[in-house]
>>> print(open('data01.cif').read())   # mmCIF, N, CA and C atoms
data_protein
#
loop_
_atom_site.label_atom_id
_atom_site.label_comp_id
_atom_site.auth_asym_id
_atom_site.auth_seq_id
_atom_site.Cartn_x
_atom_site.Cartn_y
_atom_site.Cartn_z
N MET N 218 10.10 12.74 -12.37
CA MET N 218 10.19 11.44 -11.75
C MET N 218 10.24 10.38 -12.84
N SER N 219 11.19 9.47 -12.74
CA SER N 219 11.24 8.37 -13.70
C SER N 219 10.32 7.26 -13.24
N ALA N 220 10.02 6.34 -14.16
CA ALA N 220 9.10 5.24 -13.84
C ALA N 220 9.64 4.35 -12.73
N ASP N 221 10.97 4.32 -12.56
CA ASP N 221 11.58 3.46 -11.54
C ASP N 221 11.52 4.06 -10.14
N GLU N 222 11.25 5.33 -10.02
CA GLU N 222 11.20 5.96 -8.72
C GLU N 222 9.88 5.65 -8.02
N LEU N 223 9.94 5.71 -6.71
CA LEU N 223 8.74 5.51 -5.90
C LEU N 223 8.31 6.87 -5.36
N HIS N 224 7.05 7.18 -5.53
CA HIS N 224 6.50 8.44 -5.06
C HIS N 224 5.33 8.13 -4.13
N VAL N 225 5.34 8.72 -2.95
CA VAL N 225 4.31 8.44 -1.94
C VAL N 225 3.69 9.76 -1.49
N VAL N 226 2.36 9.83 -1.52
CA VAL N 226 1.62 11.00 -1.05
C VAL N 226 0.64 10.52 0.01
N VAL N 227 0.63 11.20 1.15
CA VAL N 227 -0.25 10.84 2.26
C VAL N 227 -1.31 11.90 2.43
N GLU N 228 -2.56 11.46 2.50
CA GLU N 228 -3.70 12.35 2.74
C GLU N 228 -4.49 11.80 3.92
N THR N 229 -5.09 12.70 4.68
CA THR N 229 -5.97 12.27 5.77
C THR N 229 -7.34 12.87 5.52
N THR N 230 -8.36 12.03 5.52
CA THR N 230 -9.72 12.51 5.29
C THR N 230 -10.25 13.20 6.54
N ASP N 231 -11.37 13.88 6.39
CA ASP N 231 -11.98 14.59 7.52
C ASP N 231 -12.33 13.66 8.67
N ASP N 232 -12.62 12.39 8.35
CA ASP N 232 -12.97 11.46 9.42
C ASP N 232 -11.78 10.61 9.88
N GLY N 233 -10.56 11.05 9.54
CA GLY N 233 -9.36 10.43 10.08
C GLY N 233 -8.82 9.23 9.35
N VAL N 234 -9.36 8.91 8.19
CA VAL N 234 -8.83 7.80 7.39
C VAL N 234 -7.56 8.29 6.68
N VAL N 235 -6.51 7.49 6.76
CA VAL N 235 -5.26 7.83 6.08
C VAL N 235 -5.24 7.13 4.72
N VAL N 236 -5.06 7.92 3.66
CA VAL N 236 -4.95 7.39 2.30
C VAL N 236 -3.51 7.62 1.85
N ILE N 237 -2.83 6.53 1.51
CA ILE N 237 -1.44 6.60 1.07
C ILE N 237 -1.43 6.22 -0.41
N ARG N 238 -1.11 7.20 -1.25
CA ARG N 238 -1.10 6.99 -2.70
C ARG N 238 0.33 6.68 -3.14
N VAL N 239 0.49 5.54 -3.83
CA VAL N 239 1.80 5.04 -4.22
C VAL N 239 1.89 5.02 -5.74
N ARG N 240 3.00 5.56 -6.26
CA ARG N 240 3.18 5.61 -7.71
C ARG N 240 4.62 5.21 -8.04
N GLY N 241 4.80 4.47 -9.12
CA GLY N 241 6.14 4.09 -9.57
C GLY N 241 6.42 2.63 -9.32
N SER N 242 7.64 2.34 -8.87
CA SER N 242 8.08 0.97 -8.63
C SER N 242 8.44 0.78 -7.17
N LEU N 243 7.98 -0.31 -6.62
CA LEU N 243 8.25 -0.67 -5.22
C LEU N 243 9.09 -1.93 -5.25
N ASP N 244 10.41 -1.71 -5.33
CA ASP N 244 11.31 -2.85 -5.46
C ASP N 244 12.65 -2.55 -4.80
N GLY N 245 13.58 -3.47 -4.94
CA GLY N 245 14.88 -3.33 -4.32
C GLY N 245 15.69 -2.16 -4.82
N TRP N 246 15.34 -1.63 -5.98
CA TRP N 246 16.07 -0.49 -6.55
C TRP N 246 15.48 0.84 -6.12
N SER N 247 14.27 0.84 -5.67
CA SER N 247 13.63 2.09 -5.23
C SER N 247 13.81 2.25 -3.73
N ASP N 248 13.74 3.47 -3.28
CA ASP N 248 13.83 3.75 -1.85
C ASP N 248 12.43 3.66 -1.26
N SER N 249 12.15 2.57 -0.59
CA SER N 249 10.81 2.35 -0.04
C SER N 249 10.63 2.97 1.34
N SER N 250 11.64 3.67 1.84
CA SER N 250 11.56 4.20 3.21
C SER N 250 10.40 5.17 3.40
N GLY N 251 10.05 5.94 2.38
CA GLY N 251 8.93 6.87 2.50
C GLY N 251 7.61 6.14 2.69
N LEU N 252 7.43 5.04 1.97
CA LEU N 252 6.22 4.24 2.12
C LEU N 252 6.20 3.54 3.47
N VAL N 253 7.32 2.95 3.84
CA VAL N 253 7.40 2.26 5.13
C VAL N 253 7.10 3.23 6.26
N GLU N 254 7.66 4.42 6.20
CA GLU N 254 7.42 5.44 7.23
C GLU N 254 5.96 5.86 7.26
N ALA N 255 5.36 6.08 6.10
CA ALA N 255 3.95 6.49 6.04
C ALA N 255 3.04 5.41 6.60
N LEU N 256 3.31 4.15 6.25
CA LEU N 256 2.49 3.06 6.77
C LEU N 256 2.67 2.89 8.27
N GLU N 257 3.88 3.04 8.75
CA GLU N 257 4.16 2.93 10.18
C GLU N 257 3.44 4.04 10.96
N LYS N 258 3.52 5.25 10.45
CA LYS N 258 2.86 6.38 11.11
C LYS N 258 1.34 6.19 11.11
N ALA N 259 0.78 5.69 10.01
CA ALA N 259 -0.66 5.46 9.94
C ALA N 259 -1.09 4.40 10.94
N ALA N 260 -0.30 3.35 11.08
CA ALA N 260 -0.65 2.27 12.01
C ALA N 260 -0.65 2.76 13.45
N GLY N 261 0.26 3.65 13.76
CA GLY N 261 0.36 4.15 15.13
C GLY N 261 -0.41 5.42 15.40
N GLY N 262 -1.14 5.90 14.40
CA GLY N 262 -1.82 7.19 14.52
C GLY N 262 -3.16 7.17 15.20
N GLY N 263 -3.64 6.00 15.57
CA GLY N 263 -4.91 5.92 16.29
C GLY N 263 -6.15 5.98 15.42
N GLY N 264 -5.99 5.94 14.11
CA GLY N 264 -7.15 5.96 13.23
C GLY N 264 -7.79 4.58 13.14
N ARG N 265 -8.85 4.50 12.35
CA ARG N 265 -9.54 3.22 12.20
C ARG N 265 -9.19 2.52 10.90
N LEU N 266 -8.66 3.27 9.92
CA LEU N 266 -8.47 2.71 8.59
C LEU N 266 -7.31 3.40 7.87
N THR N 267 -6.49 2.58 7.22
CA THR N 267 -5.47 3.07 6.29
C THR N 267 -5.76 2.44 4.94
N VAL N 268 -5.78 3.26 3.90
CA VAL N 268 -5.97 2.78 2.54
C VAL N 268 -4.68 3.04 1.77
N ALA N 269 -4.08 1.98 1.25
CA ALA N 269 -2.90 2.11 0.40
C ALA N 269 -3.38 2.01 -1.04
N ASP N 270 -3.35 3.14 -1.74
CA ASP N 270 -3.80 3.20 -3.13
C ASP N 270 -2.65 2.73 -4.03
N LEU N 271 -2.76 1.53 -4.55
CA LEU N 271 -1.72 0.94 -5.39
C LEU N 271 -2.08 0.99 -6.87
N SER N 272 -3.09 1.77 -7.21
CA SER N 272 -3.58 1.81 -8.60
C SER N 272 -2.54 2.36 -9.57
N ARG N 273 -1.57 3.13 -9.09
CA ARG N 273 -0.54 3.68 -9.96
C ARG N 273 0.82 3.05 -9.70
N LEU N 274 0.81 1.93 -8.99
CA LEU N 274 2.04 1.18 -8.77
C LEU N 274 2.33 0.36 -10.02
N GLU N 275 3.45 0.64 -10.66
CA GLU N 275 3.78 0.00 -11.93
C GLU N 275 4.46 -1.34 -11.76
N PHE N 276 5.21 -1.51 -10.68
CA PHE N 276 5.95 -2.75 -10.46
C PHE N 276 6.21 -2.91 -8.97
N ALA N 277 6.20 -4.15 -8.52
CA ALA N 277 6.58 -4.46 -7.14
C ALA N 277 7.25 -5.82 -7.12
N ASP N 278 8.24 -5.97 -6.25
CA ASP N 278 8.89 -7.26 -6.10
C ASP N 278 8.86 -7.65 -4.62
N SER N 279 9.69 -8.61 -4.23
CA SER N 279 9.65 -9.11 -2.86
C SER N 279 9.97 -8.03 -1.84
N THR N 280 10.76 -7.04 -2.20
CA THR N 280 11.04 -5.93 -1.29
C THR N 280 9.74 -5.18 -0.97
N GLY N 281 8.96 -4.89 -1.99
CA GLY N 281 7.68 -4.22 -1.79
C GLY N 281 6.71 -5.09 -1.02
N LEU N 282 6.69 -6.36 -1.34
CA LEU N 282 5.80 -7.29 -0.65
C LEU N 282 6.16 -7.34 0.84
N HIS N 283 7.45 -7.39 1.14
CA HIS N 283 7.90 -7.40 2.53
C HIS N 283 7.42 -6.15 3.27
N ALA N 284 7.55 -5.00 2.64
CA ALA N 284 7.10 -3.74 3.26
C ALA N 284 5.60 -3.78 3.55
N LEU N 285 4.81 -4.30 2.61
CA LEU N 285 3.36 -4.36 2.81
C LEU N 285 2.98 -5.40 3.86
N LEU N 286 3.66 -6.55 3.88
CA LEU N 286 3.37 -7.56 4.90
C LEU N 286 3.72 -7.05 6.30
N SER N 287 4.84 -6.34 6.42
CA SER N 287 5.22 -5.76 7.71
C SER N 287 4.19 -4.73 8.15
N ALA N 288 3.72 -3.93 7.21
CA ALA N 288 2.70 -2.93 7.51
C ALA N 288 1.40 -3.60 7.95
N GLN N 289 1.05 -4.69 7.29
CA GLN N 289 -0.17 -5.41 7.67
C GLN N 289 -0.07 -5.92 9.11
N ARG N 290 1.08 -6.49 9.46
CA ARG N 290 1.27 -6.98 10.84
C ARG N 290 1.19 -5.84 11.84
N ARG N 291 1.80 -4.71 11.52
CA ARG N 291 1.79 -3.56 12.42
C ARG N 291 0.37 -3.00 12.57
N HIS N 292 -0.36 -2.93 11.48
CA HIS N 292 -1.74 -2.44 11.53
C HIS N 292 -2.61 -3.37 12.37
N THR N 293 -2.46 -4.67 12.16
CA THR N 293 -3.23 -5.64 12.93
C THR N 293 -2.93 -5.50 14.42
N ALA N 294 -1.67 -5.38 14.77
CA ALA N 294 -1.27 -5.24 16.17
C ALA N 294 -1.81 -3.95 16.79
N SER N 295 -1.99 -2.92 15.96
CA SER N 295 -2.49 -1.63 16.45
C SER N 295 -4.01 -1.52 16.39
N GLY N 296 -4.66 -2.53 15.81
CA GLY N 296 -6.12 -2.48 15.70
C GLY N 296 -6.61 -1.54 14.62
N VAL N 297 -5.77 -1.29 13.63
CA VAL N 297 -6.13 -0.40 12.52
C VAL N 297 -6.24 -1.26 11.26
N ARG N 298 -7.32 -1.10 10.55
CA ARG N 298 -7.53 -1.88 9.32
C ARG N 298 -6.69 -1.29 8.18
N LEU N 299 -6.02 -2.15 7.43
CA LEU N 299 -5.26 -1.75 6.24
C LEU N 299 -5.93 -2.38 5.03
N VAL N 300 -6.28 -1.56 4.05
CA VAL N 300 -6.90 -2.03 2.82
C VAL N 300 -6.04 -1.57 1.64
N LEU N 301 -5.72 -2.51 0.75
CA LEU N 301 -4.99 -2.20 -0.47
C LEU N 301 -6.01 -1.94 -1.57
N ALA N 302 -5.92 -0.78 -2.20
CA ALA N 302 -6.89 -0.39 -3.21
C ALA N 302 -6.26 -0.39 -4.60
N GLY N 303 -7.05 -0.72 -5.58
CA GLY N 303 -6.61 -0.77 -6.97
C GLY N 303 -7.43 0.14 -7.83
N PRO N 304 -7.56 -0.20 -9.07
CA PRO N 304 -7.27 -1.51 -9.63
C PRO N 304 -5.76 -1.76 -9.69
N LEU N 305 -5.39 -3.00 -9.41
CA LEU N 305 -3.99 -3.39 -9.42
C LEU N 305 -3.55 -3.74 -10.83
N GLY N 306 -2.33 -3.33 -11.17
CA GLY N 306 -1.74 -3.74 -12.44
C GLY N 306 -1.52 -5.25 -12.44
N ALA N 307 -1.42 -5.83 -13.61
CA ALA N 307 -1.28 -7.28 -13.73
C ALA N 307 -0.05 -7.80 -12.99
N GLY N 308 1.08 -7.10 -13.09
CA GLY N 308 2.29 -7.54 -12.43
C GLY N 308 2.20 -7.48 -10.92
N VAL N 309 1.56 -6.45 -10.42
CA VAL N 309 1.39 -6.31 -8.97
C VAL N 309 0.43 -7.37 -8.45
N ARG N 310 -0.66 -7.56 -9.14
CA ARG N 310 -1.63 -8.59 -8.76
C ARG N 310 -0.98 -9.97 -8.76
N ARG N 311 -0.17 -10.22 -9.76
CA ARG N 311 0.52 -11.51 -9.89
C ARG N 311 1.47 -11.75 -8.73
N LEU N 312 2.12 -10.71 -8.23
CA LEU N 312 3.03 -10.85 -7.08
C LEU N 312 2.29 -11.43 -5.88
N PHE N 313 1.09 -10.94 -5.60
CA PHE N 313 0.31 -11.46 -4.49
C PHE N 313 -0.13 -12.90 -4.74
N GLU N 314 -0.50 -13.20 -5.98
CA GLU N 314 -0.96 -14.55 -6.33
C GLU N 314 0.18 -15.57 -6.25
N VAL N 315 1.30 -15.26 -6.88
CA VAL N 315 2.43 -16.19 -6.93
C VAL N 315 3.03 -16.43 -5.55
N SER N 316 3.07 -15.40 -4.74
CA SER N 316 3.67 -15.52 -3.41
C SER N 316 2.71 -16.16 -2.40
N GLY N 317 1.44 -16.30 -2.78
CA GLY N 317 0.46 -16.88 -1.87
C GLY N 317 0.08 -15.97 -0.72
N THR N 318 0.30 -14.67 -0.89
CA THR N 318 0.04 -13.73 0.20
C THR N 318 -1.25 -12.92 0.02
N ALA N 319 -2.00 -13.16 -1.04
CA ALA N 319 -3.22 -12.39 -1.27
C ALA N 319 -4.16 -12.49 -0.08
N GLY N 320 -4.22 -13.64 0.56
CA GLY N 320 -5.11 -13.82 1.70
C GLY N 320 -4.71 -13.07 2.95
N ALA N 321 -3.50 -12.52 2.96
CA ALA N 321 -3.04 -11.76 4.12
C ALA N 321 -3.56 -10.32 4.12
N PHE N 322 -4.16 -9.91 3.01
CA PHE N 322 -4.58 -8.52 2.85
C PHE N 322 -6.07 -8.42 2.56
N SER N 323 -6.60 -7.24 2.84
CA SER N 323 -7.93 -6.86 2.38
C SER N 323 -7.74 -6.00 1.14
N PHE N 324 -8.48 -6.29 0.10
CA PHE N 324 -8.38 -5.56 -1.16
C PHE N 324 -9.70 -4.89 -1.48
N ALA N 325 -9.62 -3.75 -2.16
CA ALA N 325 -10.80 -3.07 -2.69
C ALA N 325 -10.47 -2.65 -4.13
N ASP N 326 -11.49 -2.61 -4.97
CA ASP N 326 -11.28 -2.28 -6.36
C ASP N 326 -10.85 -0.83 -6.57
N THR N 327 -11.29 0.07 -5.68
CA THR N 327 -10.97 1.48 -5.79
C THR N 327 -10.77 2.07 -4.40
N VAL N 328 -10.23 3.27 -4.35
CA VAL N 328 -10.09 3.96 -3.06
C VAL N 328 -11.47 4.23 -2.47
N ASP N 329 -12.42 4.67 -3.29
CA ASP N 329 -13.77 4.93 -2.78
C ASP N 329 -14.38 3.69 -2.15
N ALA N 330 -14.20 2.55 -2.78
CA ALA N 330 -14.71 1.30 -2.21
C ALA N 330 -13.99 0.98 -0.91
N ALA N 331 -12.70 1.23 -0.84
CA ALA N 331 -11.94 0.96 0.39
C ALA N 331 -12.40 1.82 1.54
N LEU N 332 -12.83 3.03 1.25
CA LEU N 332 -13.27 3.95 2.32
C LEU N 332 -14.52 3.47 3.01
N THR N 333 -15.25 2.55 2.38
CA THR N 333 -16.48 2.04 3.00
C THR N 333 -16.25 0.72 3.75
N CYS N 334 -15.01 0.26 3.76
CA CYS N 334 -14.68 -1.00 4.45
C CYS N 334 -14.71 -0.84 5.96
#
>>> encode(input="data01.cif", output="C-alpha cells")
Amino acid sequence: MSADELHVVVETTDDGVVVIRVRGSLDGWSDSSGLVEALEKAAGGGGRLTVADLSRLEFADSTGLHALLSAQRRHTASGVRLVLAGPLGAGVRRLFEVSGTAGAFSFADTVDAALTC
C-alpha cells in the first residue's frame, strides 16, 4: 500500500461498538467509498457507538471532511454516537480547525478513551 492509498479496517467489540481504523490519505485522489460504506453500515447497525480511529490518517482534505460530516449527520439521525479518535496528525487536526468543523464532532485522544464515551 502506498501512502496515498486509503485503507479501512472494521472491527466490532464484544459489546457491539464498531471501531473503524483508517490509514493513509482521505482525499479526492483516494477511493473513500470503503470508509463511507463502513460508516454508513455502522450508523444503521443499531449499535450505540462508532469510533473512527484516525491516528494513522496521514492526510485529509475537503473530500474526507465531507465524508466525515455526512457520517456524523447519519449517526446523529440514527441515534448512534460517532467519536473520532487520535492522536490526530497536525494536518488532519488543522483541517478541522481551519474549516470550523471541529465543533461538529466528538474527539478522543485514543481509541481506548473513545470506548468510554
>>> resolve_selection(input="data01.cif", expression="the PyMOL selection byres ((chain N and resi 274-290) around 5)", output="ChimeraX atom specification")
/N:239-244,271-273,291-294
>>> atom_distance(input="data01.cif", atom1="atom N of Leu266 of chain N", atom2="atom C of Arg298 of chain N")
5.3 Å
>>> resolve_selection(input="data01.cif", expression="the PyMOL selection byres ((chain N and resi 268) around 8)", output="VMD selection string")
chain N and resid 234 to 238 265 to 267 269 to 271 298 to 302 328 331 to 332
>>> closest_residue(input="data01.cif", among="N:Leu223, N:Val297, N:Ala321, N:Leu312", to="Asp248 of chain N", atoms="all atoms listed in the file")
N:Leu223
>>> select_by_dssp(input="data01.cif", residues="segment 243-311 of chain N", states="strand (DSSP E)", output="ChimeraX atom specification")
/N:243,266-277,298-302
>>> atom_distance(input="data01.cif", atom1="atom N of Asp326 of chain N", atom2="atom CA of Leu305 of chain N")
8.8 Å
>>> atom_distance(input="data01.cif", atom1="atom CA of Gly251 of chain N", atom2="atom N of His224 of chain N")
8.3 Å
>>> select_by_dssp(input="data01.cif", residues="segment 270-319 of chain N", states="alpha helix (DSSP H)", output="list in words")
Ser279, Thr280, Gly281, Leu282, His283, Ala284, Leu285, Leu286, Ser287, Ala288, Gln289, Arg290, Arg291, His292, Thr293, Ala294, Ser295, Ala307, Gly308, Val309, Arg310, Arg311, Leu312, Phe313, Glu314, Val315 and Ser316 of chain N
